[in-house]
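**Q** Dropping the structure in here first, questions after.
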Amino acid sequence: MKALWPLRKGTLGVPVGVSVDPHRMDPFADTLQRLREAFSSGHTRPVEFRATQLKGLGRFLQENKQLLQEALAQDLRKSAFEGDMSEILLCQNEVDLALKNLHTWTKDKPVAKNLFTQLDSAFIRKEPFGLVLIIAPWNYPVNLTLMPLVGALAAGNCVVLKPSEISKSTEKVLAEVLPRYLDQSCFAVVLGGPEETGQLLEHKFDHIFFTGSPRVGKIVMTAAAKHLTPVTLELGGKNPCYVDDNCDPQTVANRVAWFRYFNAGQTCVAPDYVLCSPETQARLLPALQSAITRFYGDDPRASPDLGRIINHKHFQRLRGLLSCGRVAIGGQSDDSDRYIAPTVLVDVQETEPVMQQEIFGPILPILNVRGLDEAIDFINRREKPLALYAFSNNSQVINQMLDRTSSGTFGGNDGFVYLTLPSLPLGGVGNSGMGRYHGEFSFDTFSHHRACLLAPSDLEKINEIRYPPYSGWNQQVISWAMGNQRCSILPHPGSPLLIHPALLQWDPPHSDMWEN
Amino acid sequence: MDPFADTLKRLREAFRSGLTRPAEFRATQLKGLGRFLQENKQLLQEALAQDLRKSTFESQVSEISISQSEINLALRNLRAWMKDEKVSKNLATQLDSAFIRKEPFGLVLIIAPWNYPVNLTLMPLVGALAAGNCVVLKPSEISKSTEKVLAEVLPRYLDQSCFAVVLGGPEETGQLLEHKFDHIFFTGSPRVGKIVMTAAAKHLTPVTLELGGKNPCYVDDNCDPQTVANRVAWFRYFNAGQTCVAPDYVLCSPETQARLLPALQSAITRFYGDDPRASPDLGRIINHKHFQRLRGLLSCGRVAIGGQSDDSDRYIAPTVLVDVQETEPVMQQEIFGPILPILNVRGLDEAIDFINRREKPLALYAFSNNSQVVKRVLAQTSSGGFCGNDGFMHMTLSSLPFGGVGASGMGNYHGKFSFDTFSHHRACLLRSPGLEKIYAIRYPPHSPRNLRVLLTAMETRSCSCTLL
């Protein structure tokens with residue numbers, strides 16, 4: 001039908017007076033409904049199905065290693081080494097670990113019983129939540145998308161993945177290639193920026209796993225609260241790195257530098273700033289220069305092992321930080337390829353911008369303290385970080401630092417090598433996050449732990465003791481029976497079991513109702 | 001004016017001083033809590049009687065004893081729970097010390113409800129204290145007599161530099177929630193749970209929410225009606241039905257309903273006598289507002305048993321309703337009273353569909369002589385907790401986590417779960433400052449050989465190999 005005059009459009013860009021199909025306005029509704037229906041059908045529950053998904057994920061990594069390395073190189077100029085070590089291999093290990101342990105993890109866990117529940121079957125059952133949302137960041141766009149995904153799939157959930165739109169090349173691979181390896185009735189990748197993510201968050205999910213900044217973490221948790229959706233928030237902060245006077249400066253410099261400049265500093269668990277005495281600073285500086293030269297050569301810009309800043313916005317932000325304090329090492333930058341040199345700043349004040357935000361770049365400020373106590377005070381005055389590091393030849397110093405501070409994770413005499421241990425949980429505390437994952441922790445994070453008690457349908461005689469009308473001794477027996485979880489069934493002198501005639505006539509009860 | 005600022009500041013400073021960290025201090029607090037219960041048993045029973053007309057039996061079993069057991073369990077296991085938990089290592093970390101350290105969060109807030117005002121205040125408190133936190137307790141203002149005992153007597157047994165009771169209604173609680181806590185433990189309704197979580201989000205405070213819902217109770221045709229009636233009735237009418245995990249409604253066939261009704265009447269008469277109003281073992285409704293609400297529900301469906309009420313002492317008779325429609329008010333809210341609606345389904349499939357169409361409940365019950373039926377209900381539904389062939393006995397086992405899922409809550413507690421809920425689990429790796437030659441293999445510039453060695457060391461497959 002030909003319009004005689006242009007249709008007036010309302011604020012939503014839709015012609016006024018035209019009724020709108022809500023599903024068309026909401027780009028996610030259909031997908032989410034489809035995934036929910038798949039979950040309700042029970043499709044993801046069998047262990048075999050989950051194993052198939054995990055194997056698919058494994059094949060995705062193996063068959064597209066080159067493609068992924070290229071994407072990571074395009075997004076972050078990540079070297080093949082870094083791409084392997086910190087992204088692809090870690091995910092592969094996680095997939096293998098989940099496959100190996102899936103049967104064990106999904107098994108019902110029997111628990112200790114008290115006297116009253118001796119005849120029952122008592123266990124914890126791990127169940128998938130249902131439809132879960134994973135929102136991933138751009139700095140380790142493969143790792144921080146797929147590691148949580150392993151947990152979500154192993155636990156039997158249907159998954160919506162929202163990869164970062166900032167790491168564009170990797171986003172493309174995840175959106176176009178990954179789904180081919182998974183059952184798409186139970187898995188979807190959705191794309192978009194902050195606005196679309198906001199829209200997505202209006203929907204109800206059964207768990208939301210978010211990796212990103214504290215600022216956005218609050219937005220996610222607030223949105224989740226509307227639906228009483230549990231959340232795992234892997235956030236960030238400024239990770240302190242205390243360097244004791246009693247240390248070998250070169251060893252420390254090697255370790256601090258490597259973990260600081262890895263991925264051009266764009267790591268949530270990287271040492272963010274150093275605290276040390278002026279004397280130690282004087283020893284550290286030449287050692288840091290030495291380490292940087294050893295790692296990246298005289299012209300770090302030419303090193304294939306040094307990454308680049310993700311985008312122009314962050315590059316500008318970091319360039320601004322280069323004017324804080326005084327540049328002791330590095331300080332160069334070039335916006336033609338978003339290069340920032342491995343940099344060390346000294347004479348930095350707490351009030352300067354470089355100490356007011358998570359740096360997330362290859363810049364390491366050194367601040368002076370007059371000893372361990374001052375360092376601990378400095379750290380404890382600030383938000384709890386995701387990671388905390390302490391370097392010392394003296395284990396007492398390390399232990400002091402560990403005992404008197406709090407952080408998501410802690411590294412003594414090294415950087416974030418603990419990330420490679422799936423038996424350690426990765427998660428923040430306070431401003432750096434809540435919840436944790438990796439290895440079995442991922443499986444548990446994406447599961448509801450359901451308390452189950454299966455009682456025999458007969459043997460009602462035993463229960464008589466709990467029904468009203470009451471006498472004093474009823475409550476004695478019950479209190480005693482409830483409190484005793486390790487006792488033997490033999491009555492001891494004074495035990496209520498000796499008192500009541502009905503119980504004395506009690507044949508040892510037996511019910512084979514729950515035996516397999 | 002902020003009535004809480006000084007208290008919170010004081011408690012935070014106490015935490016920062018490290019006062020609550022040593023095991024001895026925590027044990028002292030727990031012992032203090034134990035003495036509070038022992039020395040004030042009478043006082044607490046009287047308060048519970050005043051608030052809810054709770055019988056001595058119910059007070060003892062579901063409030064005092066269970067809290068005492070929790071304290072004893074925590075005291076017995078404190079050091080074991082506090083210990084650093086060593087974890088398995090891969091080749092790359094063979095020489096390191098790798099463990100999980102449990103740390104207190106700091107300043108935690110416990111907001112408690114009125115239905116089990118001792119249990120649901122003290123059980124979380126045990127966990128918070130054992131884990132080494134400083135605690136702000138906000139007991140319910142609705143269970144006034146118990147609130148008084150908790151506010152006036154309990155603090156004398158604890159170190160008051162690390163512990164405070166704050167009082168108030170919704171407005172004061174809202175004010176309290178504007179402050180930053182390091183963990184908030186809330187027991188109450190889903191509606192308020194959302195308010196608490198939204199407030200917590202502003203400070204990125206983790207929350208444990210123990211909420212509620214309508215707990216379905218499926219009764220299979222293959223059952224002994226009297227046994228089922230005894231069990232369902234006892235758990236329904238306990239505390240006059242004011243229990244978050246009580247069976248809220250029954251699903252069964254019309255045939256089973258016909259067998260259940262006389263059995264339920266029989267159980268009720270057996271438990272509470274011909275005139276339940278005269279029974280010392282039947283509680284009363286907490287306040288007039290809830291009494292009115294429940295009285296309104298008595299006109300849903302058709303009263304098959306009970307139905308009497310008396311507002312002079314907020315008495316509601318143990319009641320069973322039949323011919324109830326899903327759309328009626330009694331099926332649209334958590335009942336939280338001594339009223340049990342029975343709805344008909346034509347079999348297990350229909351019951352499971354009915355259940356799955358609704359919010360995930362805190363508890364779910366299934367009664368059948370056939371274990372396969374019970375297992376099917378378990379396998380095809382979800383809920384915080386589940387009990388086959390009985391009521392909320394699972395709550396008495398501290399080795400089982402107590403918590404909800406979906407609209408019935410998040411997080412869990414009881415026993416060690418409480419300790420873990422109130423602790424941050426910090427991943428720690430301590431490495432030697434030497435041996436730099438070994439670790440140098442990871443530094444750039446990289447060679448393919450270095451990469452191969454590193455990859456092997458990181459592999460999870462080969463962790464039991466020798467160094468060769």
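Note on naming: chains are A, B, ... as they come in the structure tokens, residues start from 1 per chain, ligands start from 1 in the order shown.
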Could you list, with a cut-off of 6 Å and counting only C-alpha atoms, the residues of chain B near chain A, each shown with its nearest atom pair and the distance in Å rounded to one decimal, rows sorted by chain and ascending number, as a tab-separated table?

**A**
residue	atom	partner	partner_atom	distance
B:Phe57	CA	A:Gln475	CA	5.8
B:Val61	CA	A:Ser479	CA	5.9
B:Ser65	CA	A:Ser479	CA	5.8
B:Ser69	CA	A:Gly483	CA	5.3
B:Val87	CA	A:Ser423	CA	5.8
B:Lys194	CA	A:Ala225	CA	5.3
B:Met197	CA	A:Ala225	CA	5.5
B:Thr198	CA	A:Thr222	CA	5.2
B:Ala201	CA	A:Lys218	CA	5.3
B:Phe271	CA	A:Pro468	CA	4.7
B:Asn369	CA	A:Ser457	CA	5.5
B:Gly384	CA	A:Arg450	CA	5.6
B:Gly385	CA	A:Ala451	CA	4.6
B:Phe386	CA	A:Cys452	CA	4.7
B:Cys387	CA	A:Leu453	CA	4.7
B:Gly388	CA	A:Leu454	CA	4.5
B:Asn389	CA	A:Ser457	CA	5.4
B:His394	CA	A:Leu453	CA	5.7
B:Ser399	CA	A:Val111	CA	5.8
B:Leu400	CA	A:Ala451	CA	5.5
B:Pro401	CA	A:Ala451	CA	5.9
B:Ala407	CA	A:Leu228	CA	6.0
B:Arg426	CA	A:Thr409	CA	5.3
B:Ala427	CA	A:Thr409	CA	4.7
B:Cys428	CA	A:Phe410	CA	4.7
B:Leu429	CA	A:Gly411	CA	5.1
B:Leu430	CA	A:Gly412	CA	4.3
B:Arg431	CA	A:Asn413	CA	5.4
B:Pro433	CA	A:Asn413	CA	5.5
B:Pro444	CA	A:Phe295	CA	4.7
B:Pro445	CA	A:Phe295	CA	5.6

**Q** Where does segment 335-454 of chain A meet segment 313-329 of chain A within 12 Å, residue by residue, with the nearest atom pair and distance in Å to one decimal for each, counting only C-alpha atoms, listed by chain and rising number, as a Markdown table?

**A**
| residue | atom | partner | partner_atom | distance |
| --- | --- | --- | --- | --- |
| A:Asp335 | CA | A:Phe315 | CA | 7.4 |
| A:Ser336 | CA | A:Phe315 | CA | 10.4 |
| A:Asp337 | CA | A:Phe315 | CA | 9.6 |
| A:Arg338 | CA | A:Phe315 | CA | 5.9 |
| A:Tyr339 | CA | A:Phe315 | CA | 7.9 |
| A:Ile340 | CA | A:Arg319 | CA | 7.6 |
| A:Ala341 | CA | A:Ile329 | CA | 8.8 |
| A:Pro342 | CA | A:Ile329 | CA | 7.4 |
| A:Thr343 | CA | A:Ile329 | CA | 5.2 |
| A:Val344 | CA | A:Ile329 | CA | 4.9 |
| A:Leu345 | CA | A:Val327 | CA | 4.6 |
| A:Val346 | CA | A:Arg326 | CA | 5.3 |
| A:Asp347 | CA | A:Gly325 | CA | 4.9 |
| A:Val348 | CA | A:Gly325 | CA | 4.2 |
| A:Gln349 | CA | A:Gly325 | CA | 6.9 |
| A:Glu350 | CA | A:Gly325 | CA | 10.0 |
| A:Thr351 | CA | A:Cys324 | CA | 9.9 |
| A:Glu352 | CA | A:Cys324 | CA | 6.4 |
| A:Pro353 | CA | A:Leu321 | CA | 6.6 |
| A:Val354 | CA | A:Leu321 | CA | 5.5 |
| A:Met355 | CA | A:Cys324 | CA | 9.1 |
| A:Gln356 | CA | A:Leu321 | CA | 10.3 |
| A:Gln357 | CA | A:Leu321 | CA | 9.9 |
| A:Glu358 | CA | A:Leu318 | CA | 10.5 |
| A:Ile359 | CA | A:Leu318 | CA | 7.4 |
| A:Phe360 | CA | A:Leu318 | CA | 8.3 |
| A:Gly361 | CA | A:Leu318 | CA | 6.7 |
| A:Pro362 | CA | A:Leu318 | CA | 8.6 |
| A:Ile363 | CA | A:Leu322 | CA | 7.7 |
| A:Leu364 | CA | A:Ile329 | CA | 9.4 |
| A:Pro365 | CA | A:Gly325 | CA | 8.2 |
| A:Ile366 | CA | A:Gly325 | CA | 9.4 |
| A:Leu367 | CA | A:Gly325 | CA | 9.8 |

**Q** List the neighbours of Leu178 of chain A out to 9 Å using only C-alpha atoms; skip same-chain residues closer than 5 positions along the sequence, and give me the result as number ranges by chain.

**A** A: 56-57, 60-61, 173, 189

**Q** Between atom CA of Tyr140 of chain A and atom CA of Ser86 of chain A, what distance in Å does the model show, to one decimal?

**A**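 If I compute the distance from atom CA of Tyr140 of chain A to atom CA of Ser86 of chain A, I get 7.8 Å.
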
**Q** Identify, with DSSP run on backbone atoms, the residues in segment 323-498 of chain A assigned to helix (DSSP H, G or I), and express the list as a PyMOL selection string.

**A** chain A and resi 353-355+372-380+395-404+416-420+430-432+439-445+460-466+472-483+496-498

**Q** If you run DSSP on this backbone, which residues of segment 177-393 of chain B come out as strand (DSSP E or B), and could you give them as an NGL selection string?

**A** :B and (183-187 or 207-210 or 216-219 or 249-252 or 302-305 or 309-310 or 315-316 or 319-322 or 339-344 or 363-367 or 385-388)

**Q** May I have the selected residues written with N, CA and C atoms, as a compact mmCIF listing (two decimals), in the first residue's frame?

**A**
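Listed below is the output, result.txt:
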# COMPACT_ATOMS: atom_id res chain seq x y z
N HIS B 183 29.87 -8.79 53.64
CA HIS B 183 28.97 -9.87 53.27
C HIS B 183 27.65 -9.58 53.95
N ILE B 184 26.55 -9.86 53.26
CA ILE B 184 25.23 -9.70 53.86
C ILE B 184 24.52 -11.04 53.79
N PHE B 185 24.04 -11.48 54.94
CA PHE B 185 23.32 -12.75 55.04
C PHE B 185 21.88 -12.41 55.39
N PHE B 186 20.98 -12.69 54.48
CA PHE B 186 19.59 -12.29 54.66
C PHE B 186 18.66 -13.49 54.59
N THR B 187 17.76 -13.60 55.57
CA THR B 187 16.70 -14.61 55.52
C THR B 187 15.38 -13.88 55.51
N VAL B 207 26.28 -11.66 48.70
CA VAL B 207 25.12 -11.91 49.56
C VAL B 207 24.78 -13.39 49.62
N THR B 208 24.23 -13.78 50.76
CA THR B 208 23.58 -15.08 50.87
C THR B 208 22.13 -14.76 51.16
N LEU B 209 21.25 -15.26 50.30
CA LEU B 209 19.83 -14.97 50.45
C LEU B 209 19.08 -16.27 50.68
N GLU B 210 18.50 -16.38 51.87
CA GLU B 210 17.68 -17.55 52.18
C GLU B 210 16.24 -17.09 52.08
N PRO B 216 6.31 -27.63 46.99
CA PRO B 216 5.33 -28.65 46.57
C PRO B 216 5.55 -29.96 47.32
N CYS B 217 4.45 -30.69 47.48
CA CYS B 217 4.52 -31.97 48.17
C CYS B 217 3.71 -32.97 47.33
N TYR B 218 4.41 -33.78 46.57
CA TYR B 218 3.73 -34.74 45.70
C TYR B 218 3.46 -36.02 46.47
N VAL B 219 2.20 -36.49 46.43
CA VAL B 219 1.88 -37.75 47.10
C VAL B 219 1.39 -38.76 46.06
N TYR B 249 1.83 -27.06 49.63
CA TYR B 249 0.62 -27.60 49.04
C TYR B 249 0.88 -29.03 48.59
N VAL B 250 -0.20 -29.80 48.53
CA VAL B 250 -0.08 -31.20 48.13
C VAL B 250 -0.59 -31.37 46.70
N LEU B 251 0.09 -32.21 45.95
CA LEU B 251 -0.36 -32.61 44.61
C LEU B 251 -0.62 -34.11 44.67
N CYS B 252 -1.84 -34.52 44.35
CA CYS B 252 -2.12 -35.95 44.33
C CYS B 252 -3.35 -36.20 43.47
N ARG B 302 -12.39 -25.24 49.24
CA ARG B 302 -13.42 -25.67 50.22
C ARG B 302 -12.68 -26.25 51.41
N VAL B 303 -13.15 -25.88 52.62
CA VAL B 303 -12.50 -26.38 53.82
C VAL B 303 -12.88 -27.85 54.02
N ALA B 304 -11.89 -28.73 54.02
CA ALA B 304 -12.16 -30.15 54.26
C ALA B 304 -11.89 -30.51 55.71
N ILE B 305 -10.89 -29.86 56.31
CA ILE B 305 -10.57 -30.07 57.72
C ILE B 305 -10.24 -28.70 58.33
N SER B 309 -10.91 -20.02 63.12
CA SER B 309 -9.89 -19.02 63.47
C SER B 309 -10.46 -18.15 64.58
N ASP B 310 -9.55 -17.54 65.33
CA ASP B 310 -9.99 -16.65 66.41
C ASP B 310 -8.96 -15.55 66.55
N TYR B 315 -5.36 -17.40 66.50
CA TYR B 315 -5.39 -18.85 66.33
C TYR B 315 -5.97 -19.20 64.96
N ILE B 316 -5.28 -20.07 64.24
CA ILE B 316 -5.84 -20.65 63.03
C ILE B 316 -5.77 -22.17 63.20
N THR B 319 -5.69 -26.72 59.10
CA THR B 319 -6.71 -26.71 58.05
C THR B 319 -6.22 -27.41 56.79
N VAL B 320 -7.17 -28.10 56.13
CA VAL B 320 -6.89 -28.67 54.82
C VAL B 320 -7.94 -28.13 53.86
N LEU B 321 -7.52 -27.61 52.74
CA LEU B 321 -8.43 -27.10 51.72
C LEU B 321 -8.41 -28.01 50.51
N VAL B 322 -9.57 -28.21 49.91
CA VAL B 322 -9.64 -28.98 48.67
C VAL B 322 -10.36 -28.15 47.61
N ILE B 339 -2.30 -24.01 56.95
CA ILE B 339 -3.31 -24.29 55.93
C ILE B 339 -2.65 -25.11 54.83
N LEU B 340 -3.26 -26.24 54.50
CA LEU B 340 -2.68 -27.12 53.49
C LEU B 340 -3.67 -27.33 52.36
N PRO B 341 -3.44 -26.70 51.21
CA PRO B 341 -4.32 -26.95 50.05
C PRO B 341 -3.91 -28.24 49.36
N ILE B 342 -4.91 -28.98 48.88
CA ILE B 342 -4.61 -30.16 48.07
C ILE B 342 -5.11 -29.89 46.66
N LEU B 343 -4.20 -30.07 45.70
CA LEU B 343 -4.59 -29.91 44.29
C LEU B 343 -4.47 -31.26 43.61
N ASN B 344 -5.38 -31.49 42.67
CA ASN B 344 -5.37 -32.78 41.99
C ASN B 344 -4.59 -32.77 40.70
N ALA B 363 12.13 -25.94 49.11
CA ALA B 363 12.10 -27.37 49.41
C ALA B 363 11.08 -28.05 48.51
N LEU B 364 11.29 -29.35 48.32
CA LEU B 364 10.38 -30.12 47.49
C LEU B 364 10.24 -31.49 48.10
N TYR B 365 9.02 -31.98 48.17
CA TYR B 365 8.79 -33.27 48.82
C TYR B 365 8.05 -34.22 47.89
N ALA B 366 8.39 -35.50 48.01
CA ALA B 366 7.68 -36.52 47.23
C ALA B 366 7.52 -37.74 48.11
N PHE B 367 6.29 -38.24 48.15
CA PHE B 367 6.00 -39.41 48.98
C PHE B 367 5.57 -40.56 48.09
N GLY B 385 16.34 -27.71 48.48
CA GLY B 385 16.58 -29.01 49.06
C GLY B 385 15.44 -29.95 48.70
N PHE B 386 15.67 -31.23 48.92
CA PHE B 386 14.67 -32.23 48.56
C PHE B 386 14.59 -33.30 49.63
N CYS B 387 13.36 -33.71 49.95
CA CYS B 387 13.27 -34.86 50.83
C CYS B 387 12.24 -35.83 50.28
N GLY B 388 12.65 -37.08 50.19
CA GLY B 388 11.73 -38.12 49.76
C GLY B 388 11.14 -38.79 50.99

**Q** Would you mind reading off the distance between atom CA of Trp234 of chain B and atom CA of Gln257 of chain B, one decimal, in Å?

**A** 17.5 Å

**Q** Residues at most 7 Å from segment 38-51 of chain B, counting only C-alpha atoms, excluding those fewer than 2 positions away in the same chain, as a list in words?

**A**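 Counting only C-alpha atoms, the residues come to Gly34, Arg35, Phe36, Arg53, Lys54, Ser55, Thr56, Ser59, Ser143, Lys144, Ser145, Thr146 and Ile286 of chain B.
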
**Q** Write out as a ChimeraX atom specification the residues lying within 10 Å of segment 164-169 of chain B, counting only C-alpha atoms and excluding same-chain residues fewer than 4 positions away.

**A** /B:3-4,7-8,10-11,109-111,134-142,147-148,150-152,154-155,158-160,173-176

**Q** Please, could you write that set of residues out with N, CA and C atoms as a short mmCIF file (atom, residue, chain, number, x, y, z; two decimals), in the first residue's frame?

**A**
data_model
loop_
_atom_site.label_atom_id
_atom_site.label_comp_id
_atom_site.auth_asym_id
_atom_site.auth_seq_id
_atom_site.Cartn_x
_atom_site.Cartn_y
_atom_site.Cartn_z
N PRO B 3 22.23 6.66 62.43
CA PRO B 3 22.38 6.04 63.76
C PRO B 3 23.40 4.91 63.79
N PHE B 4 23.84 4.47 62.62
CA PHE B 4 24.69 3.28 62.59
C PHE B 4 26.17 3.58 62.37
N THR B 7 28.73 2.81 65.24
CA THR B 7 28.84 1.37 65.52
C THR B 7 29.65 0.67 64.43
N LEU B 8 29.31 0.96 63.19
CA LEU B 8 30.00 0.29 62.10
C LEU B 8 31.48 0.64 62.07
N ARG B 10 33.32 1.51 64.58
CA ARG B 10 33.97 0.83 65.71
C ARG B 10 34.28 -0.62 65.35
N LEU B 11 33.31 -1.28 64.76
CA LEU B 11 33.49 -2.69 64.42
C LEU B 11 34.56 -2.86 63.33
N LEU B 109 26.87 -8.47 57.88
CA LEU B 109 25.54 -8.13 58.37
C LEU B 109 24.65 -9.35 58.27
N ILE B 110 23.97 -9.67 59.37
CA ILE B 110 23.00 -10.77 59.35
C ILE B 110 21.64 -10.18 59.65
N ILE B 111 20.72 -10.36 58.70
CA ILE B 111 19.34 -9.88 58.88
C ILE B 111 18.46 -11.10 59.05
N CYS B 134 33.66 -9.61 62.08
CA CYS B 134 32.92 -8.78 63.02
C CYS B 134 31.49 -8.78 62.51
N VAL B 135 30.54 -8.76 63.44
CA VAL B 135 29.16 -9.00 63.02
C VAL B 135 28.19 -7.93 63.50
N VAL B 136 27.35 -7.50 62.58
CA VAL B 136 26.19 -6.69 62.94
C VAL B 136 24.97 -7.59 62.76
N LEU B 137 24.19 -7.70 63.83
CA LEU B 137 23.01 -8.54 63.80
C LEU B 137 21.78 -7.66 63.78
N LYS B 138 20.89 -7.93 62.86
CA LYS B 138 19.64 -7.18 62.82
C LYS B 138 18.52 -8.20 62.97
N PRO B 139 18.10 -8.44 64.23
CA PRO B 139 17.02 -9.41 64.45
C PRO B 139 15.69 -8.81 64.00
N SER B 140 14.70 -9.66 63.83
CA SER B 140 13.41 -9.15 63.37
C SER B 140 12.71 -8.37 64.48
N GLU B 141 12.14 -7.24 64.11
CA GLU B 141 11.41 -6.42 65.07
C GLU B 141 10.00 -6.97 65.29
N ILE B 142 9.63 -7.96 64.46
CA ILE B 142 8.28 -8.50 64.52
C ILE B 142 8.16 -9.51 65.67
N GLU B 147 13.48 -10.50 70.11
CA GLU B 147 14.35 -9.37 69.74
C GLU B 147 14.95 -8.75 70.99
N LYS B 148 14.13 -8.62 72.02
CA LYS B 148 14.57 -8.00 73.27
C LYS B 148 15.70 -8.82 73.90
N LEU B 150 17.71 -10.91 72.43
CA LEU B 150 18.90 -10.85 71.59
C LEU B 150 19.60 -9.50 71.73
N ALA B 151 18.83 -8.44 71.88
CA ALA B 151 19.44 -7.11 71.96
C ALA B 151 20.04 -6.85 73.33
N GLU B 152 19.39 -7.36 74.39
CA GLU B 152 19.82 -6.97 75.73
C GLU B 152 20.71 -8.00 76.40
N LEU B 154 22.16 -11.15 74.78
CA LEU B 154 23.20 -11.79 73.96
C LEU B 154 24.52 -11.03 73.95
N PRO B 155 24.51 -9.69 73.77
CA PRO B 155 25.79 -8.99 73.66
C PRO B 155 26.69 -9.18 74.89
N LEU B 158 29.33 -11.84 74.34
CA LEU B 158 30.27 -11.72 73.23
C LEU B 158 31.12 -10.48 73.41
N ASP B 159 32.21 -10.44 72.70
CA ASP B 159 33.09 -9.27 72.75
C ASP B 159 32.42 -8.16 71.93
N GLN B 160 31.98 -7.14 72.66
CA GLN B 160 31.16 -6.13 72.00
C GLN B 160 31.94 -5.15 71.15
N THR B 173 16.27 -0.56 58.45
CA THR B 173 17.05 -1.58 57.72
C THR B 173 17.51 -1.02 56.38
N GLY B 174 16.65 -0.24 55.75
CA GLY B 174 17.03 0.40 54.49
C GLY B 174 18.23 1.31 54.70
N GLN B 175 18.19 2.05 55.80
CA GLN B 175 19.32 2.95 56.12
C GLN B 175 20.60 2.15 56.36
N LEU B 176 20.43 1.07 57.09
CA LEU B 176 21.57 0.21 57.38
C LEU B 176 22.19 -0.31 56.08
#

**Q** Please identify all polymer residues within 12 Å of Gly213 of chain B, counting only C-alpha atoms, omitting same-chain residues fewer than 4 positions from it, and present them as a PyMOL selection string.

**A** chain B and resi 188-191+243-249+331-336+355+358-364+383-384+404-409

**Q** So, counting only C-alpha atoms, which residue among B:Ile71, B:Leu282, B:Ala27, B:Val196 is closest to Arg314 of chain B?

**A**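 The shortest atom-to-atom distance to Arg314 of chain B comes from B:Leu282.
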
**Q** Mind pulling up the distance from atom CA of Pro206 of chain B to atom CA of Leu107 of chain B?

**A** 11.9 Å
